>>> print(open('model.txt').read())   # compact mmCIF, C-alpha atoms
# COMPACT_ATOMS: atom_id res chain seq x y z
CA MET A 1 0.00 0.00 0.00
CA ILE A 2 1.24 3.49 -0.79
CA VAL A 3 0.13 6.52 1.14
CA ASN A 4 -1.17 8.32 -1.95
CA GLN A 5 -4.02 5.90 -2.58
CA PHE A 6 -5.54 6.94 0.75
CA LEU A 7 -4.82 10.63 0.18
CA ILE A 8 -6.51 10.64 -3.23
CA LEU A 9 -9.55 8.76 -1.91
CA ALA A 10 -9.79 11.30 0.92
CA ALA A 11 -9.49 14.13 -1.61
CA ALA A 12 -12.40 12.66 -3.59
CA LEU A 13 -14.49 12.33 -0.40
CA PHE A 14 -13.68 15.93 0.53
CA ALA A 15 -14.63 17.17 -2.96
CA LEU A 16 -17.96 15.30 -2.75
CA GLY A 17 -18.55 16.96 0.62
CA VAL A 18 -17.86 20.38 -0.90
CA TYR A 19 -20.33 19.64 -3.69
CA GLY A 20 -23.03 18.57 -1.23
CA LEU A 21 -22.38 21.60 0.95
CA LEU A 22 -22.95 23.96 -1.99
CA VAL A 23 -25.82 22.17 -3.72
CA ARG A 24 -28.08 21.05 -0.87
CA ARG A 25 -30.83 23.31 0.43
CA ASN A 26 -31.87 21.36 3.52
CA ILE A 27 -29.75 22.15 6.61
CA VAL A 28 -29.65 18.52 7.79
CA LEU A 29 -28.23 17.43 4.43
CA ILE A 30 -25.63 20.21 4.59
CA LEU A 31 -24.54 18.85 7.98
CA LEU A 32 -24.28 15.37 6.40
CA SER A 33 -21.91 16.81 3.78
CA VAL A 34 -19.81 18.43 6.53
CA GLU A 35 -19.52 14.99 8.15
CA LEU A 36 -18.19 13.59 4.85
CA MET A 37 -15.49 16.29 4.76
CA LEU A 38 -14.48 15.69 8.40
CA ASN A 39 -14.24 11.99 7.66
CA ALA A 40 -11.93 12.67 4.70
CA VAL A 41 -9.63 14.55 7.09
CA ASN A 42 -9.67 11.58 9.47
CA ILE A 43 -8.60 9.25 6.66
CA ASN A 44 -5.69 11.60 5.90
CA LEU A 45 -4.61 11.71 9.56
CA VAL A 46 -4.66 7.94 9.96
CA ALA A 47 -2.85 7.42 6.62
CA PHE A 48 -0.09 9.85 7.65
CA GLU A 49 0.20 8.07 10.98
CA ALA A 50 0.63 4.77 9.12
CA MET A 51 3.27 6.36 6.87
CA LEU A 52 5.32 7.97 9.68
CA ASN A 53 4.74 5.33 12.40
CA THR A 54 5.25 7.77 15.27
CA THR A 55 5.96 6.26 18.67
CA GLU A 56 3.01 8.10 20.24
CA ALA A 57 0.43 7.32 17.51
CA LEU A 58 -0.03 11.06 16.96
CA GLY A 59 -2.21 10.80 13.85
CA GLN A 60 -4.68 8.49 15.54
CA VAL A 61 -4.83 10.76 18.62
CA PHE A 62 -5.75 13.69 16.40
CA ALA A 63 -8.30 11.59 14.51
CA ILE A 64 -9.98 10.87 17.86
CA PHE A 65 -10.01 14.60 18.66
CA VAL A 66 -11.61 15.31 15.27
CA ILE A 67 -14.28 12.65 15.89
CA THR A 68 -15.09 14.18 19.30
CA VAL A 69 -15.39 17.71 17.95
CA ALA A 70 -17.55 16.42 15.08
CA ALA A 71 -19.90 14.76 17.58
CA ALA A 72 -20.20 18.05 19.50
CA GLU A 73 -20.81 19.90 16.24
CA VAL A 74 -23.64 17.56 15.25
CA GLY A 75 -25.28 17.82 18.66
CA ILE A 76 -25.38 21.60 18.74
CA GLY A 77 -26.02 21.90 14.98
CA LEU A 78 -29.14 19.75 15.13
CA ALA A 79 -30.39 21.68 18.17
CA ILE A 80 -30.09 24.89 16.16
CA VAL A 81 -31.86 23.25 13.18
CA LEU A 82 -34.67 22.18 15.51
CA MET A 83 -35.04 25.71 16.85
CA ILE A 84 -35.02 27.24 13.34
CA PHE A 85 -37.62 24.74 12.17
CA ARG A 86 -39.82 25.48 15.19
CA ASN A 87 -39.72 29.21 14.50
CA ARG A 88 -39.80 29.28 10.69
CA ARG A 89 -41.52 25.98 9.75
CA SER A 90 -38.73 25.35 7.23
CA ALA A 91 -35.26 23.79 7.20
CA ASN A 92 -34.13 25.21 3.85
CA VAL A 93 -31.22 27.62 3.95
CA ASP A 94 -32.48 29.79 1.08
CA GLU A 95 -35.72 30.53 2.93
CA LEU A 96 -33.88 31.89 5.97
CA ASN A 97 -33.45 35.36 4.52
CA LEU A 98 -34.57 37.42 7.52
CA MET A 99 -31.18 39.08 7.97
CA ARG A 100 -30.52 39.48 4.28
CA TRP A 101 -30.15 43.02 3.07
CA MET B 1 6.36 1.11 -8.66
CA THR B 2 4.12 0.13 -11.57
CA PHE B 3 0.41 -0.52 -11.46
CA VAL B 4 1.01 -4.26 -11.91
CA ASP B 5 3.22 -4.31 -8.80
CA TRP B 6 0.59 -2.36 -6.92
CA ILE B 7 -2.35 -4.58 -7.91
CA SER B 8 -0.44 -7.79 -7.14
CA GLU B 9 -0.65 -7.04 -3.41
CA PRO B 10 -3.86 -8.67 -2.08
CA VAL B 11 -4.41 -5.88 0.44
CA ASN B 12 -4.79 -3.41 -2.44
CA TRP B 13 -7.72 -5.46 -3.77
CA ALA B 14 -9.39 -4.96 -0.41
CA PHE B 15 -8.59 -1.26 -0.67
CA LEU B 16 -10.14 -1.04 -4.14
CA VAL B 17 -13.36 -2.75 -3.06
CA ILE B 18 -13.76 -0.70 0.13
CA GLY B 19 -12.71 2.54 -1.54
CA LEU B 20 -15.20 2.08 -4.36
CA ALA B 21 -17.97 1.36 -1.83
CA VAL B 22 -17.03 4.50 0.12
CA LEU B 23 -17.03 6.67 -2.99
CA VAL B 24 -20.35 5.35 -4.29
CA SER B 25 -21.98 5.80 -0.88
CA ALA B 26 -20.57 9.33 -0.54
CA PHE B 27 -21.83 10.19 -4.01
CA ARG B 28 -25.30 8.96 -3.08
CA VAL B 29 -25.17 11.00 0.16
CA VAL B 30 -24.86 14.22 -1.83
CA THR B 31 -27.19 13.29 -4.70
CA SER B 32 -29.95 11.16 -3.16
CA ARG B 33 -33.48 12.53 -3.60
CA ASN B 34 -34.61 10.94 -0.34
CA VAL B 35 -33.40 12.47 2.93
CA VAL B 36 -33.50 9.24 4.92
CA HIS B 37 -31.60 7.40 2.18
CA ALA B 38 -28.91 10.10 2.26
CA ALA B 39 -28.41 9.52 5.99
CA LEU B 40 -28.30 5.75 5.49
CA PHE B 41 -25.75 6.07 2.68
CA LEU B 42 -23.60 8.04 5.11
CA VAL B 43 -23.57 4.87 7.24
CA GLY B 44 -22.06 3.07 4.23
CA ALA B 45 -19.43 5.74 3.69
CA LEU B 46 -18.43 5.81 7.36
CA GLY B 47 -18.43 2.02 7.67
CA GLY B 48 -16.14 1.85 4.63
CA SER B 49 -13.86 4.41 6.24
CA ALA B 50 -13.71 2.23 9.34
CA GLY B 51 -12.65 -0.61 7.04
CA LEU B 52 -9.88 1.60 5.63
CA PHE B 53 -8.72 2.35 9.18
CA LEU B 54 -8.52 -1.40 9.80
CA LEU B 55 -6.36 -1.73 6.67
CA LEU B 56 -4.11 0.99 8.09
CA SER B 57 -3.94 -1.00 11.37
CA ALA B 58 -5.73 1.71 13.35
CA GLU B 59 -8.16 -0.63 15.08
CA PHE B 60 -9.13 1.56 18.00
CA VAL B 61 -9.97 4.55 15.79
CA ALA B 62 -11.97 2.28 13.48
CA TRP B 63 -14.18 1.01 16.29
CA VAL B 64 -14.51 4.47 17.81
CA LEU B 65 -15.75 5.62 14.40
CA VAL B 66 -18.30 2.79 14.28
CA LEU B 67 -19.50 3.43 17.84
CA VAL B 68 -19.62 7.23 17.77
CA TYR B 69 -20.69 7.85 14.19
CA ILE B 70 -22.80 4.89 13.15
CA GLY B 71 -24.07 4.33 16.69
CA ALA B 72 -24.82 7.86 17.82
CA VAL B 73 -24.39 10.57 15.18
CA ILE B 74 -26.50 8.85 12.51
CA VAL B 75 -29.28 8.28 15.04
CA LEU B 76 -29.16 12.02 15.84
CA PHE B 77 -29.34 12.79 12.12
CA LEU B 78 -32.32 10.50 11.57
CA PHE B 79 -33.98 12.13 14.58
CA GLY B 80 -33.36 15.56 13.08
CA ILE B 81 -34.76 14.45 9.72
CA MET B 82 -37.89 13.00 11.31
CA ILE B 83 -38.48 16.19 13.32
CA THR B 84 -37.95 18.69 10.52
CA ARG B 85 -39.62 16.87 7.65
CA ALA B 86 -42.80 14.91 8.29
CA PRO B 87 -43.19 13.38 4.81
CA THR B 88 -39.91 11.52 4.33
CA GLY B 89 -40.58 10.48 0.76
CA LEU B 90 -39.08 11.88 -2.43
CA ASP B 91 -38.55 15.60 -2.48
CA GLU B 92 -37.75 17.53 -5.64
CA GLY B 93 -36.85 20.78 -3.89
CA LEU B 94 -33.94 19.27 -1.97
CA ASP B 95 -31.19 20.67 -4.18
CA SER B 96 -30.47 24.11 -5.48
CA GLU B 97 -31.05 24.58 -9.22
CA GLN B 98 -27.48 25.71 -9.84
CA LYS B 99 -25.31 22.62 -9.99
CA VAL B 100 -22.66 23.41 -12.59
CA TRP B 101 -20.59 25.84 -10.53
CA PRO B 102 -20.60 23.70 -7.36
CA ALA B 103 -19.57 20.69 -9.46
CA ALA B 104 -16.78 22.67 -11.12
CA LEU B 105 -15.56 23.97 -7.75
CA SER B 106 -15.56 20.52 -6.15
CA LEU B 107 -13.70 19.13 -9.17
CA ALA B 108 -11.14 21.91 -8.77
CA VAL B 109 -10.77 21.05 -5.06
CA PHE B 110 -10.24 17.38 -5.94
CA VAL B 111 -7.68 18.12 -8.67
CA THR B 112 -5.74 20.50 -6.41
CA LEU B 113 -5.64 18.09 -3.47
CA ALA B 114 -4.83 15.05 -5.60
CA TRP B 115 -2.14 16.88 -7.57
CA GLY B 116 -0.60 18.21 -4.36
CA SER B 117 -0.45 14.82 -2.70
CA ILE B 118 0.95 13.14 -5.83
CA GLU B 119 3.63 15.83 -6.10
CA ALA B 120 4.48 15.63 -2.41
CA PHE B 121 4.39 11.89 -1.69
CA GLY B 122 4.79 10.05 -5.00
CA THR B 123 4.90 6.35 -4.17
CA ASN B 124 5.87 6.62 -0.49
CA PRO B 125 4.80 3.33 1.09
CA VAL B 126 2.61 2.96 4.14
CA ALA B 127 4.93 1.52 6.77
CA THR B 128 2.44 -0.60 8.68
CA THR B 129 3.74 -3.88 10.02
CA GLY B 130 0.35 -5.53 9.63
CA THR B 131 -0.16 -5.78 13.37
CA PRO B 132 -2.70 -3.41 14.90
CA THR B 133 -1.49 -0.35 16.81
CA VAL B 134 -1.44 -1.29 20.48
CA THR B 135 -4.24 0.64 22.18
CA GLU B 136 -1.96 1.06 25.20
CA ILE B 137 0.21 3.45 23.16
CA LEU B 138 -2.84 5.48 22.23
CA GLY B 139 -4.01 5.60 25.85
CA GLU B 140 -0.61 6.67 27.15
CA SER B 141 -0.45 9.35 24.48
CA LEU B 142 -3.96 10.63 25.26
CA LEU B 143 -3.44 10.71 29.04
CA GLY B 144 0.23 11.68 28.88
CA ARG B 145 1.44 14.22 26.38
CA PHE B 146 -2.06 15.16 25.21
CA VAL B 147 -3.88 15.14 28.54
CA ILE B 148 -4.74 18.87 28.43
CA PRO B 149 -6.23 18.79 24.88
CA PHE B 150 -8.03 15.59 25.91
CA GLU B 151 -9.63 17.25 28.94
CA ILE B 152 -10.46 20.36 26.90
CA VAL B 153 -12.12 18.36 24.15
CA GLY B 154 -14.12 16.48 26.76
CA PHE B 155 -15.23 19.79 28.25
CA VAL B 156 -16.13 21.09 24.78
CA LEU B 157 -18.32 18.03 24.21
CA LEU B 158 -20.05 18.50 27.58
CA ALA B 159 -20.62 22.22 26.97
CA ALA B 160 -21.90 21.59 23.44
CA LEU B 161 -24.38 18.95 24.59
CA ILE B 162 -25.67 21.11 27.48
CA GLY B 163 -25.92 24.01 25.03
CA GLY B 164 -27.80 21.80 22.56
CA ILE B 165 -30.31 20.80 25.24
CA THR B 166 -30.74 24.43 26.28
CA ILE B 167 -31.32 25.58 22.71
CA ALA B 168 -33.67 22.77 21.75
CA ARG B 169 -35.89 22.60 24.82
CA ARG B 170 -39.23 24.29 24.42
CA ASP B 171 -39.94 27.09 26.88
CA LEU B 172 -43.24 26.77 28.67
CA THR B 173 -45.97 29.21 27.74
CA PRO B 174 -47.16 31.50 30.60
CA VAL B 175 -50.33 29.41 30.98
CA GLU B 176 -48.36 26.16 31.28
CA GLU B 177 -46.00 27.82 33.75
CA GLU B 178 -48.99 28.80 35.88
CA GLU B 179 -50.32 25.24 35.77
CA ARG B 180 -46.96 23.86 36.78
CA ILE B 181 -46.69 26.14 39.79
CA THR B 182 -50.21 25.37 41.01
CA ALA B 183 -49.85 21.61 40.44
>>> encode(input="model.txt", output="structure tokens")
Amino acid sequence: MIVNQFLILAAALFALGVYGLLVRRNIVLILLSVELMLNAVNINLVAFEAMLNTTEALGQVFAIFVITVAAAEVGIGLAIVLMIFRNRRSANVDELNLMRW
Amino acid sequence: MTFVDWISEPVNWAFLVIGLAVLVSAFRVVTSRNVVHAALFLVGALGGSAGLFLLLSAEFVAWVLVLVYIGAVIVLFLFGIMITRAPTGLDEGLDSEQKVWPAALSLAVFVTLAWGSIEAFGTNPVATTGTPTVTEILGESLLGRFVIPFEIVGFVLLAALIGGITIARRDLTPVEEEERITA
């Protein structure tokens, strides 16, 4: 195995996440795309760890940190989505134009 | 290293199968017309990533990914979908009409990242020995050199979840408040 096969796969995952982030209108689906991008970063971190073989498993430690922060992000993100939906009866980003000039 | 050398390693066959599954699932996540299907395809993409972590001998991270993401985060997502969208069937208005520019931008992102990594790493091999990383090393690292970031990230998670509950809970109306006090 070479390290580049993992890096290119992660790049493709990240690009798909970017596409979803820009194209989707529903907030929950945008959050799903963000998860795809975070997961691509995790693949990179673990692949670099496997390439460098650090004595402290640094890449895996950082992957665990990324997973934790992603879990926090989903928790608070969905709470905000819930609140927006309760107030506006819609979860589409292009209909939330209250603060648009 | 030629492609024939690369494909003759059995582990690369496993990589091809898992990688293809991950890519197809990820593609369906961003294109599916059904919200629930999109969330379920994310399970496929994340499960495939866990398989890649196993190939890279990162067993602990792989199972953490399965437990935290597939076990908890996806359930949260499905919950969010159910709450915000009562009819969970097909929906035509799910995507924006403009798709060409996002597709071009994501292609540009992919080409840049792939070109950069090819330039930088060429055919550098992954130096795994085939044996899984001992979890003890990970634990000593987390509670040794990285104990402060570890505590901080734990605190961030706690604060975010308390904040999420505070944001999402429904405040009682004045009438309900009255009833609660008298009850």
>>> interface_residues(input="model.txt", of="chain A", to="chain B", cutoff="6 Å", atoms="only C-alpha atoms", output="ChimeraX atom specification")
/A:1-3,8,11-12,15,18-20,22-25,50-51,56,72,76,79,83
>>> atom_distance(input="model.txt", atom1="CA of Met37 in chain A", atom2="CA of Gly47 in chain B")
14.9 Å
>>> residues_near_point(input="model.txt", point="(-17.5, 14.2, 4.3)", cutoff="8 Å", atoms="only C-alpha atoms", output="list of chain:residue names")
A:Leu13, A:Phe14, A:Leu16, A:Gly17, A:Leu32, A:Ser33, A:Val34, A:Glu35, A:Leu36, A:Met37, A:Leu38, A:Asn39, A:Ala40, B:Ala26
>>> atom_distance(input="model.txt", atom1="CA of Ile70 in chain B", atom2="CA of Val43 in chain B")
6.0 Å
>>> atom_distance(input="model.txt", atom1="CA of Glu179 in chain B", atom2="CA of Phe85 in chain A")
26.8 Å
>>> build_atoms(input="model.txt", residues="range 27-43 of chain A", atoms="N, CA and C atoms", output="PDB file, in the frame of the given file")
ATOM      1  N   ILE A  27     -30.879  21.977   5.690  1.00  0.00           N
ATOM      2  CA  ILE A  27     -29.750  22.150   6.610  1.00  0.00           C
ATOM      3  C   ILE A  27     -29.210  20.802   7.079  1.00  0.00           C
ATOM      4  N   VAL A  28     -30.117  19.821   7.310  1.00  0.00           N
ATOM      5  CA  VAL A  28     -29.650  18.520   7.790  1.00  0.00           C
ATOM      6  C   VAL A  28     -28.731  17.872   6.756  1.00  0.00           C
ATOM      7  N   LEU A  29     -29.076  18.018   5.473  1.00  0.00           N
ATOM      8  CA  LEU A  29     -28.230  17.430   4.430  1.00  0.00           C
ATOM      9  C   LEU A  29     -26.905  18.168   4.308  1.00  0.00           C
ATOM     10  N   ILE A  30     -26.905  19.476   4.585  1.00  0.00           N
ATOM     11  CA  ILE A  30     -25.630  20.210   4.590  1.00  0.00           C
ATOM     12  C   ILE A  30     -24.734  19.683   5.709  1.00  0.00           C
ATOM     13  N   LEU A  31     -25.337  19.414   6.879  1.00  0.00           N
ATOM     14  CA  LEU A  31     -24.540  18.850   7.980  1.00  0.00           C
ATOM     15  C   LEU A  31     -23.993  17.473   7.606  1.00  0.00           C
ATOM     16  N   LEU A  32     -24.777  16.675   6.864  1.00  0.00           N
ATOM     17  CA  LEU A  32     -24.280  15.370   6.400  1.00  0.00           C
ATOM     18  C   LEU A  32     -23.039  15.562   5.529  1.00  0.00           C
ATOM     19  N   SER A  33     -23.061  16.561   4.647  1.00  0.00           N
ATOM     20  CA  SER A  33     -21.910  16.810   3.780  1.00  0.00           C
ATOM     21  C   SER A  33     -20.687  17.227   4.597  1.00  0.00           C
ATOM     22  N   VAL A  34     -20.925  18.029   5.663  1.00  0.00           N
ATOM     23  CA  VAL A  34     -19.810  18.430   6.530  1.00  0.00           C
ATOM     24  C   VAL A  34     -19.185  17.190   7.179  1.00  0.00           C
ATOM     25  N   GLU A  35     -20.049  16.234   7.571  1.00  0.00           N
ATOM     26  CA  GLU A  35     -19.520  14.990   8.150  1.00  0.00           C
ATOM     27  C   GLU A  35     -18.622  14.262   7.164  1.00  0.00           C
ATOM     28  N   LEU A  36     -19.025  14.236   5.881  1.00  0.00           N
ATOM     29  CA  LEU A  36     -18.190  13.590   4.850  1.00  0.00           C
ATOM     30  C   LEU A  36     -16.810  14.245   4.803  1.00  0.00           C
ATOM     31  N   MET A  37     -16.778  15.583   4.862  1.00  0.00           N
ATOM     32  CA  MET A  37     -15.490  16.290   4.760  1.00  0.00           C
ATOM     33  C   MET A  37     -14.632  16.004   5.985  1.00  0.00           C
ATOM     34  N   LEU A  38     -15.241  15.997   7.189  1.00  0.00           N
ATOM     35  CA  LEU A  38     -14.480  15.690   8.400  1.00  0.00           C
ATOM     36  C   LEU A  38     -13.912  14.278   8.338  1.00  0.00           C
ATOM     37  N   ASN A  39     -14.703  13.368   7.752  1.00  0.00           N
ATOM     38  CA  ASN A  39     -14.240  11.990   7.660  1.00  0.00           C
ATOM     39  C   ASN A  39     -13.070  11.867   6.695  1.00  0.00           C
ATOM     40  N   ALA A  40     -13.073  12.677   5.624  1.00  0.00           N
ATOM     41  CA  ALA A  40     -11.930  12.670   4.700  1.00  0.00           C
ATOM     42  C   ALA A  40     -10.666  13.100   5.433  1.00  0.00           C
ATOM     43  N   VAL A  41     -10.787  14.108   6.310  1.00  0.00           N
ATOM     44  CA  VAL A  41      -9.630  14.550   7.090  1.00  0.00           C
ATOM     45  C   VAL A  41      -9.133  13.430   7.998  1.00  0.00           C
ATOM     46  N   ASN A  42     -10.066  12.698   8.604  1.00  0.00           N
ATOM     47  CA  ASN A  42      -9.670  11.580   9.470  1.00  0.00           C
ATOM     48  C   ASN A  42      -8.886  10.542   8.700  1.00  0.00           C
ATOM     49  N   ILE A  43      -9.326  10.227   7.462  1.00  0.00           N
ATOM     50  CA  ILE A  43      -8.600   9.250   6.660  1.00  0.00           C
ATOM     51  C   ILE A  43      -7.175   9.739   6.408  1.00  0.00           C
TER      52      ILE A  43
END
